[in-house]
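Source file start.pdb; content: PDB, C-alpha atoms.
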ATOM      1  CA  MET A   1      -7.448   8.418 -29.828  1.00  0.00           C
ATOM      2  CA  PHE A   2     -11.003   9.595 -29.236  1.00  0.00           C
ATOM      3  CA  PHE A   3     -14.027   7.404 -28.608  1.00  0.00           C
ATOM      4  CA  LYS A   4     -17.706   7.753 -27.794  1.00  0.00           C
ATOM      5  CA  PRO A   5     -18.873   6.649 -24.330  1.00  0.00           C
ATOM      6  CA  ASP A   6     -20.528   3.246 -24.457  1.00  0.00           C
ATOM      7  CA  ASP A   7     -23.696   2.668 -22.426  1.00  0.00           C
ATOM      8  CA  ALA A   8     -23.588  -1.092 -22.960  1.00  0.00           C
ATOM      9  CA  GLU A   9     -23.510  -3.275 -19.878  1.00  0.00           C
ATOM     10  CA  THR A  10     -20.045  -4.487 -19.002  1.00  0.00           C
ATOM     11  CA  ARG A  11     -18.758  -7.088 -16.564  1.00  0.00           C
ATOM     12  CA  ARG A  12     -18.797  -5.840 -13.000  1.00  0.00           C
ATOM     13  CA  VAL A  13     -17.322  -7.229  -9.812  1.00  0.00           C
ATOM     14  CA  GLU A  14     -18.373  -5.997  -6.395  1.00  0.00           C
ATOM     15  CA  LEU A  15     -15.629  -5.279  -3.870  1.00  0.00           C
ATOM     16  CA  VAL A  16     -17.668  -6.031  -0.760  1.00  0.00           C
ATOM     17  CA  GLU A  17     -21.440  -6.278  -1.101  1.00  0.00           C
ATOM     18  CA  GLU A  18     -22.073  -3.883   1.784  1.00  0.00           C
ATOM     19  CA  LEU A  19     -20.060  -1.179  -0.013  1.00  0.00           C
ATOM     20  CA  THR A  20     -21.714  -1.324  -3.419  1.00  0.00           C
ATOM     21  CA  GLU A  21     -24.207   1.493  -2.756  1.00  0.00           C
ATOM     22  CA  LEU A  22     -21.338   3.732  -1.604  1.00  0.00           C
ATOM     23  CA  VAL A  23     -18.630   3.092  -4.219  1.00  0.00           C
ATOM     24  CA  GLY A  24     -20.162   0.969  -6.968  1.00  0.00           C
ATOM     25  CA  SER A  25     -18.392  -2.000  -8.533  1.00  0.00           C
ATOM     26  CA  LEU A  26     -15.183  -2.653 -10.400  1.00  0.00           C
ATOM     27  CA  GLU A  27     -15.593  -2.428 -14.163  1.00  0.00           C
ATOM     28  CA  GLY A  28     -13.246  -3.281 -16.988  1.00  0.00           C
ATOM     29  CA  GLY A  29     -10.475  -0.697 -17.286  1.00  0.00           C
ATOM     30  CA  SER A  30     -10.757   0.512 -13.692  1.00  0.00           C
ATOM     31  CA  VAL A  31      -8.167   0.805 -10.924  1.00  0.00           C
ATOM     32  CA  PHE A  32      -9.090   1.005  -7.227  1.00  0.00           C
ATOM     33  CA  GLY A  33      -6.520   2.042  -4.612  1.00  0.00           C
ATOM     34  CA  ILE A  34      -7.388   0.982  -1.072  1.00  0.00           C
ATOM     35  CA  ILE A  35      -5.520   1.333   2.223  1.00  0.00           C
ATOM     36  CA  THR A  36      -6.495  -0.948   5.112  1.00  0.00           C
ATOM     37  CA  THR A  37      -5.351  -0.357   8.670  1.00  0.00           C
ATOM     38  CA  ASP A  38      -5.953  -3.784  10.228  1.00  0.00           C
ATOM     39  CA  ALA A  39      -5.851  -7.442   9.276  1.00  0.00           C
ATOM     40  CA  LEU A  40      -9.622  -7.925   9.423  1.00  0.00           C
ATOM     41  CA  SER A  41     -10.420  -5.128   6.983  1.00  0.00           C
ATOM     42  CA  GLN A  42      -7.730  -6.437   4.603  1.00  0.00           C
ATOM     43  CA  ALA A  43      -9.191  -9.953   4.788  1.00  0.00           C
ATOM     44  CA  ILE A  44     -12.727  -8.711   4.196  1.00  0.00           C
ATOM     45  CA  LEU A  45     -11.561  -6.689   1.201  1.00  0.00           C
ATOM     46  CA  GLN A  46      -9.416  -9.238  -0.611  1.00  0.00           C
ATOM     47  CA  TYR A  47     -11.444 -12.391  -0.054  1.00  0.00           C
ATOM     48  CA  SER A  48     -14.772 -10.698  -0.783  1.00  0.00           C
ATOM     49  CA  ALA A  49     -13.526  -9.206  -4.068  1.00  0.00           C
ATOM     50  CA  ILE A  50     -11.952 -12.465  -5.240  1.00  0.00           C
ATOM     51  CA  ALA A  51     -14.971 -14.565  -4.221  1.00  0.00           C
ATOM     52  CA  ASN A  52     -17.319 -12.169  -6.019  1.00  0.00           C
ATOM     53  CA  ALA A  53     -15.222 -12.437  -9.184  1.00  0.00           C
ATOM     54  CA  LEU A  54     -15.152 -16.240  -9.082  1.00  0.00           C
ATOM     55  CA  ASN A  55     -18.882 -16.425  -8.397  1.00  0.00           C
ATOM     56  CA  SER A  56     -19.454 -14.176 -11.437  1.00  0.00           C
ATOM     57  CA  GLU A  57     -17.270 -16.407 -13.656  1.00  0.00           C
ATOM     58  CA  VAL A  58     -14.604 -13.686 -13.897  1.00  0.00           C
ATOM     59  CA  PRO A  59     -10.987 -14.956 -13.826  1.00  0.00           C
ATOM     60  CA  ALA A  60      -9.293 -13.830 -10.594  1.00  0.00           C
ATOM     61  CA  TYR A  61      -5.612 -13.368  -9.767  1.00  0.00           C
ATOM     62  CA  TYR A  62      -3.936 -12.541  -6.466  1.00  0.00           C
ATOM     63  CA  LEU A  63      -0.465 -10.985  -6.529  1.00  0.00           C
ATOM     64  CA  SER A  64       1.678 -10.205  -3.498  1.00  0.00           C
ATOM     65  CA  PRO A  65       5.308 -10.141  -2.384  1.00  0.00           C
ATOM     66  CA  ALA A  66       4.342 -12.267   0.638  1.00  0.00           C
ATOM     67  CA  ASN A  67       2.781 -15.689   1.170  1.00  0.00           C
ATOM     68  CA  SER A  68      -0.419 -14.152   2.469  1.00  0.00           C
ATOM     69  CA  PHE A  69      -3.342 -15.990   0.862  1.00  0.00           C
ATOM     70  CA  SER A  70      -5.569 -18.598   2.521  1.00  0.00           C
ATOM     71  CA  LEU A  71      -7.874 -20.892   0.568  1.00  0.00           C
ATOM     72  CA  LYS A  72      -9.562 -21.707   3.883  1.00  0.00           C
ATOM     73  CA  LEU A  73     -10.645 -18.079   4.295  1.00  0.00           C
ATOM     74  CA  LEU A  74     -11.729 -17.872   0.662  1.00  0.00           C
ATOM     75  CA  SER A  75     -13.894 -20.972   1.175  1.00  0.00           C
ATOM     76  CA  LYS A  76     -15.980 -19.045   3.724  1.00  0.00           C
ATOM     77  CA  LEU A  77     -17.324 -16.972   0.795  1.00  0.00           C
ATOM     78  CA  THR A  78     -17.302 -19.322  -2.194  1.00  0.00           C
ATOM     79  CA  GLU A  79     -16.944 -22.990  -3.066  1.00  0.00           C
ATOM     80  CA  LYS A  80     -14.771 -22.077  -6.047  1.00  0.00           C
ATOM     81  CA  ARG A  81     -11.013 -22.327  -5.605  1.00  0.00           C
ATOM     82  CA  ASP A  82      -9.652 -21.497  -9.052  1.00  0.00           C
ATOM     83  CA  VAL A  83      -7.971 -18.227  -8.117  1.00  0.00           C
ATOM     84  CA  LEU A  84      -4.412 -18.014  -9.471  1.00  0.00           C
ATOM     85  CA  LEU A  85      -1.648 -16.756  -7.182  1.00  0.00           C
ATOM     86  CA  GLY A  86       1.599 -15.017  -8.080  1.00  0.00           C
ATOM     87  CA  ARG A  87       4.592 -13.493  -6.298  1.00  0.00           C
ATOM     88  CA  ILE A  88       5.799 -10.039  -7.298  1.00  0.00           C
ATOM     89  CA  TYR A  89       8.637  -8.008  -5.812  1.00  0.00           C
ATOM     90  CA  SER A  90       8.952  -4.984  -8.088  1.00  0.00           C
ATOM     91  CA  MET A  91       6.966  -2.724 -10.359  1.00  0.00           C
ATOM     92  CA  ASP A  92       8.445  -4.542 -13.360  1.00  0.00           C
ATOM     93  CA  ASP A  93       7.156  -7.848 -11.948  1.00  0.00           C
ATOM     94  CA  LEU A  94       3.664  -6.364 -11.649  1.00  0.00           C
ATOM     95  CA  LEU A  95       3.680  -4.916 -15.158  1.00  0.00           C
ATOM     96  CA  GLY A  96       4.849  -8.254 -16.540  1.00  0.00           C
ATOM     97  CA  ALA A  97       2.103 -10.100 -14.671  1.00  0.00           C
ATOM     98  CA  LEU A  98      -0.603  -7.733 -15.957  1.00  0.00           C
ATOM     99  CA  LYS A  99       0.471  -8.504 -19.514  1.00  0.00           C
ATOM    100  CA  ARG A 100       0.039 -12.251 -18.904  1.00  0.00           C
ATOM    101  CA  VAL A 101      -3.299 -12.485 -17.100  1.00  0.00           C
ATOM    102  CA  GLU A 102      -6.497 -13.057 -19.074  1.00  0.00           C
ATOM    103  CA  GLU A 103      -8.200  -9.987 -20.478  1.00  0.00           C
ATOM    104  CA  ASP A 104     -11.363  -8.830 -18.656  1.00  0.00           C
ATOM    105  CA  SER A 105     -10.154 -10.360 -15.391  1.00  0.00           C
ATOM    106  CA  LEU A 106      -9.851  -9.213 -11.783  1.00  0.00           C
ATOM    107  CA  VAL A 107      -6.336  -8.708 -10.460  1.00  0.00           C
ATOM    108  CA  PHE A 108      -5.953  -8.097  -6.726  1.00  0.00           C
ATOM    109  CA  VAL A 109      -2.560  -6.823  -5.558  1.00  0.00           C
ATOM    110  CA  ALA A 110      -1.749  -6.931  -1.830  1.00  0.00           C
ATOM    111  CA  GLY A 111       1.219  -5.050  -0.392  1.00  0.00           C
ATOM    112  CA  PHE A 112       1.550  -2.856  -3.483  1.00  0.00           C
ATOM    113  CA  SER A 113       3.426  -0.090  -1.717  1.00  0.00           C
ATOM    114  CA  VAL A 114       6.369  -2.279  -0.688  1.00  0.00           C
ATOM    115  CA  LEU A 115       7.230  -3.147  -4.291  1.00  0.00           C
ATOM    116  CA  MET A 116      10.623  -1.954  -5.488  1.00  0.00           C
ATOM    117  CA  ASP A 117      11.087   0.682  -8.191  1.00  0.00           C
ATOM    118  CA  ARG A 118       7.619   2.201  -8.075  1.00  0.00           C
ATOM    119  CA  SER A 119       7.597   5.395 -10.150  1.00  0.00           C
ATOM    120  CA  ALA A 120       5.320   7.778 -12.027  1.00  0.00           C
ATOM    121  CA  GLU A 121       6.414   6.186 -15.291  1.00  0.00           C
ATOM    122  CA  GLY A 122       5.560   2.749 -13.940  1.00  0.00           C
ATOM    123  CA  MET A 123       2.128   3.892 -12.803  1.00  0.00           C
ATOM    124  CA  LEU A 124       1.353   5.320 -16.247  1.00  0.00           C
ATOM    125  CA  ALA A 125       2.480   2.072 -17.873  1.00  0.00           C
ATOM    126  CA  LEU A 126       0.244   0.156 -15.444  1.00  0.00           C
ATOM    127  CA  ARG A 127      -2.733   2.352 -16.308  1.00  0.00           C
ATOM    128  CA  ARG A 128      -2.200   1.777 -20.022  1.00  0.00           C
ATOM    129  CA  ILE A 129      -2.104  -2.014 -19.618  1.00  0.00           C
ATOM    130  CA  VAL A 130      -5.300  -1.954 -17.536  1.00  0.00           C
ATOM    131  CA  ASP A 131      -7.072   0.086 -20.222  1.00  0.00           C
ATOM    132  CA  ASP A 132      -5.742  -1.931 -23.161  1.00  0.00           C
ATOM    133  CA  ARG A 133      -6.644  -5.292 -21.587  1.00  0.00           C
ATOM    134  CA  ASN A 134      -9.886  -4.174 -19.882  1.00  0.00           C
ATOM    135  CA  LEU A 135      -8.685  -5.377 -16.478  1.00  0.00           C
ATOM    136  CA  MET A 136     -10.267  -4.758 -13.075  1.00  0.00           C
ATOM    137  CA  LEU A 137      -7.345  -3.927 -10.804  1.00  0.00           C
ATOM    138  CA  VAL A 138      -7.261  -3.437  -7.040  1.00  0.00           C
ATOM    139  CA  LEU A 139      -4.035  -2.096  -5.550  1.00  0.00           C
ATOM    140  CA  SER A 140      -4.173  -2.507  -1.777  1.00  0.00           C
ATOM    141  CA  HIS A 141      -1.808  -1.816   1.061  1.00  0.00           C
ATOM    142  CA  SER A 142      -2.248  -2.690   4.718  1.00  0.00           C
ATOM    143  CA  THR A 143      -0.446  -0.446   7.182  1.00  0.00           C
ATOM    144  CA  LEU A 144      -0.536   0.433  10.871  1.00  0.00           C
ATOM    145  CA  GLU A 145       1.174   3.765  10.181  1.00  0.00           C
ATOM    146  CA  LEU A 146      -1.185   6.247   8.566  1.00  0.00           C
ATOM    147  CA  ASN A 147      -1.350  10.029   8.860  1.00  0.00           C
ATOM    148  CA  GLU A 148      -5.094  10.442   9.293  1.00  0.00           C
ATOM    149  CA  LEU A 149      -4.732  14.240   9.047  1.00  0.00           C
ATOM    150  CA  ASP A 150      -3.311  14.065   5.521  1.00  0.00           C
ATOM    151  CA  LEU A 151      -4.925  11.151   3.699  1.00  0.00           C
ATOM    152  CA  THR A 152      -4.386  12.777   0.309  1.00  0.00           C
ATOM    153  CA  GLY A 153      -0.661  12.927   1.054  1.00  0.00           C
ATOM    154  CA  GLU A 154      -0.713   9.303   2.181  1.00  0.00           C
ATOM    155  CA  PHE A 155      -2.272   8.184  -1.094  1.00  0.00           C
ATOM    156  CA  ARG A 156       0.348  10.166  -2.985  1.00  0.00           C
ATOM    157  CA  ARG A 157       3.099   8.528  -0.940  1.00  0.00           C
ATOM    158  CA  LEU A 158       1.754   4.994  -1.329  1.00  0.00           C
ATOM    159  CA  PHE A 159       0.251   5.098  -4.840  1.00  0.00           C
ATOM    160  CA  ILE A 160       2.421   7.778  -6.545  1.00  0.00           C
ATOM    161  CA  ILE A 161      -0.250   9.280  -8.876  1.00  0.00           C
ATOM    162  CA  PRO A 162      -3.667   9.313  -7.151  1.00  0.00           C
ATOM    163  CA  GLY A 163      -5.280  10.843 -10.238  1.00  0.00           C
ATOM    164  CA  LEU A 164      -4.963   7.537 -12.126  1.00  0.00           C
ATOM    165  CA  PHE A 165      -7.447   5.776  -9.821  1.00  0.00           C
ATOM    166  CA  GLU A 166     -11.241   5.590 -10.021  1.00  0.00           C
ATOM    167  CA  LEU A 167     -11.521   4.936  -6.265  1.00  0.00           C
ATOM    168  CA  LEU A 168      -9.299   5.912  -3.338  1.00  0.00           C
ATOM    169  CA  MET A 169     -10.468   4.686   0.049  1.00  0.00           C
ATOM    170  CA  VAL A 170      -9.279   3.842   3.563  1.00  0.00           C
ATOM    171  CA  MET A 171     -10.913   0.898   5.361  1.00  0.00           C
ATOM    172  CA  ARG A 172     -10.812   0.201   9.106  1.00  0.00           C
ATOM    173  CA  THR A 173     -12.735  -2.144  11.368  1.00  0.00           C
ATOM    174  CA  ASN A 174     -13.629  -1.694  15.009  1.00  0.00           C
ATOM    175  CA  SER A 175     -15.730  -3.651  17.457  1.00  0.00           C
ATOM    176  CA  TYR A 176     -17.774  -2.918  20.567  1.00  0.00           C
ATOM    177  CA  ARG A 177     -19.450  -5.578  22.670  1.00  0.00           C
ATOM    178  CA  GLY A 178     -19.233  -8.148  19.922  1.00  0.00           C
ATOM    179  CA  HIS A 179     -20.549  -5.922  17.132  1.00  0.00           C
ATOM    180  CA  TYR A 180     -18.365  -4.882  14.204  1.00  0.00           C
ATOM    181  CA  ARG A 181     -18.357  -1.809  12.012  1.00  0.00           C
ATOM    182  CA  LEU A 182     -16.429  -0.960   8.886  1.00  0.00           C
ATOM    183  CA  ASN A 183     -15.278   2.663   8.899  1.00  0.00           C
ATOM    184  CA  LEU A 184     -14.489   4.229   5.529  1.00  0.00           C
ATOM    185  CA  SER A 185     -12.791   7.379   4.309  1.00  0.00           C
ATOM    186  CA  ILE A 186     -13.686   7.789   0.635  1.00  0.00           C
ATOM    187  CA  ILE A 187     -11.264  10.280  -0.904  1.00  0.00           C
ATOM    188  CA  LYS A 188     -12.122   9.725  -4.567  1.00  0.00           C
ATOM    189  CA  ALA A 189     -15.050   7.829  -6.067  1.00  0.00           C
ATOM    190  CA  PRO A 190     -16.340   6.917  -9.545  1.00  0.00           C
ATOM    191  CA  PRO A 191     -18.405   9.753 -11.082  1.00  0.00           C
ATOM    192  CA  ASP A 192     -21.786   8.199 -10.244  1.00  0.00           C
ATOM    193  CA  PHE A 193     -20.805   8.007  -6.554  1.00  0.00           C
ATOM    194  CA  ILE A 194     -19.084  11.340  -5.879  1.00  0.00           C
ATOM    195  CA  ARG A 195     -21.929  12.213  -3.509  1.00  0.00           C
ATOM    196  CA  ASN A 196     -20.477   9.624  -1.118  1.00  0.00           C
ATOM    197  CA  ILE A 197     -17.016  11.151  -0.799  1.00  0.00           C
ATOM    198  CA  GLY A 198     -16.333  11.566   2.915  1.00  0.00           C
ATOM    199  CA  GLU A 199     -16.628   9.462   6.078  1.00  0.00           C
ATOM    200  CA  HIS A 200     -18.930   6.475   6.534  1.00  0.00           C
ATOM    201  CA  SER A 201     -19.494   3.767   9.122  1.00  0.00           C
ATOM    202  CA  ILE A 202     -21.500   0.652   8.326  1.00  0.00           C
ATOM    203  CA  PRO A 203     -22.392  -2.458  10.354  1.00  0.00           C
ATOM    204  CA  ILE A 204     -20.623  -5.572   9.149  1.00  0.00           C
ATOM    205  CA  ASP A 205     -21.289  -8.149  11.881  1.00  0.00           C
ATOM    206  CA  SER A 206     -22.083 -11.181   9.737  1.00  0.00           C
ATOM    207  CA  ARG A 207     -19.143 -10.733   7.366  1.00  0.00           C
ATOM    208  CA  ALA A 208     -16.636 -10.042  10.157  1.00  0.00           C
ATOM    209  CA  LYS A 209     -17.778 -13.102  12.122  1.00  0.00           C
ATOM    210  CA  LEU A 210     -17.245 -15.321   9.061  1.00  0.00           C
ATOM    211  CA  PHE A 211     -13.532 -14.574   9.310  1.00  0.00           C
ATOM    212  CA  LEU A 212     -13.280 -14.548  13.097  1.00  0.00           C
ATOM    213  CA  GLY A 213     -15.467 -17.548  13.879  1.00  0.00           C
TER     214      GLY A 213
END
Can you turn what I pasted into structure tokens?
Amino acid sequence: MFFKPDDAETRRVELVEELTELVGSLEGGSVFGIITTDALSQAILQYSAIANALNSEVPAYYLSPANSFSLKLLSKLTEKRDVLLGRIYSMDDLLGALKRVEEDSLVFVAGFSVLMDRSAEGMLALRRIVDDRNLMLVLSHSTLELNELDLTGEFRRLFIIPGLFELLMVMRTNSYRGHYRLNLSIIKAPPDFIRNIGEHSIPIDSRAKLFLG
């Protein structure tokens, strides 16, 4: 099927406000793959994205194989609490969940790369559901073991088909004398932001201290 590009404004959800100028926002029919290397960067990512969706009146879902969501941390960014949580353990679970969420919604998946039965066929099926239902999907994985010399290979290992994603990025936090920075490796970016592919470091004091205070 062929179609003409549409310039009309669509729903958008920011990942983390401080990153918008570097990577843009999630739009309907987009998939972001993000690796975090520490608990703080994972918290900043998932709670910021979900809070931004709720504040924009976009339905938000959080899926994970672990009991790893805190309403207390979410409340640091929004007064809204109507995120829906779900447990998934396999690729089939994830595909089934994506067929049941509301269209035009944000779905945040934590721990994606530990799901059973991930495959190229499953990733293509996932991509089709996202496109058909105009979802905004974030697949994230937090790991302490990352080959920094071969990030492309790491994305292939963790996300199977990197070419299906609009954004591929690694997030890390570090601190020095009470000040925090978010360090980013942007491997793939949406077309309007390809100029930002590469390494970046941005101050993130106020957001980090929300979670650590």
Identify all residues satisfying the PyMOL selection byres ((chain A and resi 54) around 12) in the given file; provide them as a PDB file with C-alpha atoms, keeping the file's coordinate frame.
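The resulting out11.pdb:
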ATOM      1  CA  ARG A  12     -18.797  -5.840 -13.000  1.00  0.00           C
ATOM      2  CA  VAL A  13     -17.322  -7.229  -9.812  1.00  0.00           C
ATOM      3  CA  GLU A  14     -18.373  -5.997  -6.395  1.00  0.00           C
ATOM      4  CA  TYR A  47     -11.444 -12.391  -0.054  1.00  0.00           C
ATOM      5  CA  SER A  48     -14.772 -10.698  -0.783  1.00  0.00           C
ATOM      6  CA  ALA A  49     -13.526  -9.206  -4.068  1.00  0.00           C
ATOM      7  CA  ILE A  50     -11.952 -12.465  -5.240  1.00  0.00           C
ATOM      8  CA  ALA A  51     -14.971 -14.565  -4.221  1.00  0.00           C
ATOM      9  CA  ASN A  52     -17.319 -12.169  -6.019  1.00  0.00           C
ATOM     10  CA  ALA A  53     -15.222 -12.437  -9.184  1.00  0.00           C
ATOM     11  CA  ASN A  55     -18.882 -16.425  -8.397  1.00  0.00           C
ATOM     12  CA  SER A  56     -19.454 -14.176 -11.437  1.00  0.00           C
ATOM     13  CA  GLU A  57     -17.270 -16.407 -13.656  1.00  0.00           C
ATOM     14  CA  VAL A  58     -14.604 -13.686 -13.897  1.00  0.00           C
ATOM     15  CA  PRO A  59     -10.987 -14.956 -13.826  1.00  0.00           C
ATOM     16  CA  ALA A  60      -9.293 -13.830 -10.594  1.00  0.00           C
ATOM     17  CA  TYR A  61      -5.612 -13.368  -9.767  1.00  0.00           C
ATOM     18  CA  LEU A  74     -11.729 -17.872   0.662  1.00  0.00           C
ATOM     19  CA  SER A  75     -13.894 -20.972   1.175  1.00  0.00           C
ATOM     20  CA  LEU A  77     -17.324 -16.972   0.795  1.00  0.00           C
ATOM     21  CA  THR A  78     -17.302 -19.322  -2.194  1.00  0.00           C
ATOM     22  CA  GLU A  79     -16.944 -22.990  -3.066  1.00  0.00           C
ATOM     23  CA  LYS A  80     -14.771 -22.077  -6.047  1.00  0.00           C
ATOM     24  CA  ARG A  81     -11.013 -22.327  -5.605  1.00  0.00           C
ATOM     25  CA  ASP A  82      -9.652 -21.497  -9.052  1.00  0.00           C
ATOM     26  CA  VAL A  83      -7.971 -18.227  -8.117  1.00  0.00           C
ATOM     27  CA  LEU A  84      -4.412 -18.014  -9.471  1.00  0.00           C
ATOM     28  CA  SER A 105     -10.154 -10.360 -15.391  1.00  0.00           C
ATOM     29  CA  LEU A 106      -9.851  -9.213 -11.783  1.00  0.00           C
ATOM     30  CA  VAL A 107      -6.336  -8.708 -10.460  1.00  0.00           C
TER      31      VAL A 107
END
Next on the checklist: When the PyMOL selection byres ((chain A and resi 34) around 8) is applied to the structure above, which residues does it catch, written out as a PyMOL selection string?
Outcome noted: chain A and resi 32-33+35-36+138-141+167-171
Next on the checklist: Show me, as number ranges by chain, the residues that have an atom within 9 Å of Asp205 of chain A when counting all atoms listed in the file, minus same-chain residues fewer than 6 positions from it.
Outcome noted: A: 178-181
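Non-sequential neighbours of Val130 of chain A (distance at most 9 Å, separation of 3 or more positions within a chain, all atoms listed in the file) are A:Gly28, A:Gly29, A:Ser30, A:Val31, A:Leu98, A:Lys99, A:Ala125, A:Leu126, A:Arg127, A:Arg133, A:Asn134, A:Leu135, A:Met136, A:Leu137.
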Checklist entry - Applied to this file, what does the PyMOL selection byres ((chain A and resi 183) around 7) return in terms of residues, put as a count of residues only? => result 9
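The gap separating atom CA of Thr143 of chain A from atom CA of Tyr62 of chain A is 18.6 Å, in Å to one decimal.
Distances from A:Asp117, A:Glu166, A:Thr10, A:Asn174 to Asp192 of chain A were compared using all atoms listed in the file, and the smallest one belongs to A:Glu166.
Note that atom CA of Arg156 of chain A and atom CA of Arg11 of chain A are 29.1 Å apart.
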Checklist entry - By how many Å are atom CA of Pro65 of chain A and atom CA of Glu154 of chain A apart? => result 20.9 Å
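Comparing the minimum interatomic distances between Met116 of chain A and each of A:Leu94, A:Ile129, A:Ile186, A:Ala66, counting all atoms listed in the file, we find that A:Leu94 sits nearest.
When only C-alpha atoms are used to compute distances to Glu18 of chain A, the closest of the residues A:Pro190, A:Glu148, A:Leu45, A:Arg195 turns out to be A:Leu45.
Excluding Ile44 of chain A and any residue on its chain fewer than 4 positions from it, the residues at most 9 Å away by only C-alpha atoms are Val16, Ala39, Leu40, Ser48, Ala49, Arg207, Ala208 and Phe211 of chain A.
Checking A:Leu22, A:Leu210, A:Ala43, A:Ala189 one by one against Leu164 of chain A, counting all atoms listed in the file, you find the shortest gap at A:Ala189.
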Grab all the atoms of segment 165-183 of chain A that the file lists, wrap them in a box along x, y and z, add 4 Å per side, and give me centre plus edge lengths in Å (one decimal) as AutoDock Vina command-line options.
--center_x -14.0 --center_y -1.1 --center_z 6.3 --size_x 21.1 --size_y 22.1 --size_z 40.7
Checklist entry - Counting all atoms listed in the file, which of A:Asp104, A:Ser175, A:Leu144, A:Asn196 gets nearest to Lys209 of chain A? => result A:Ser175
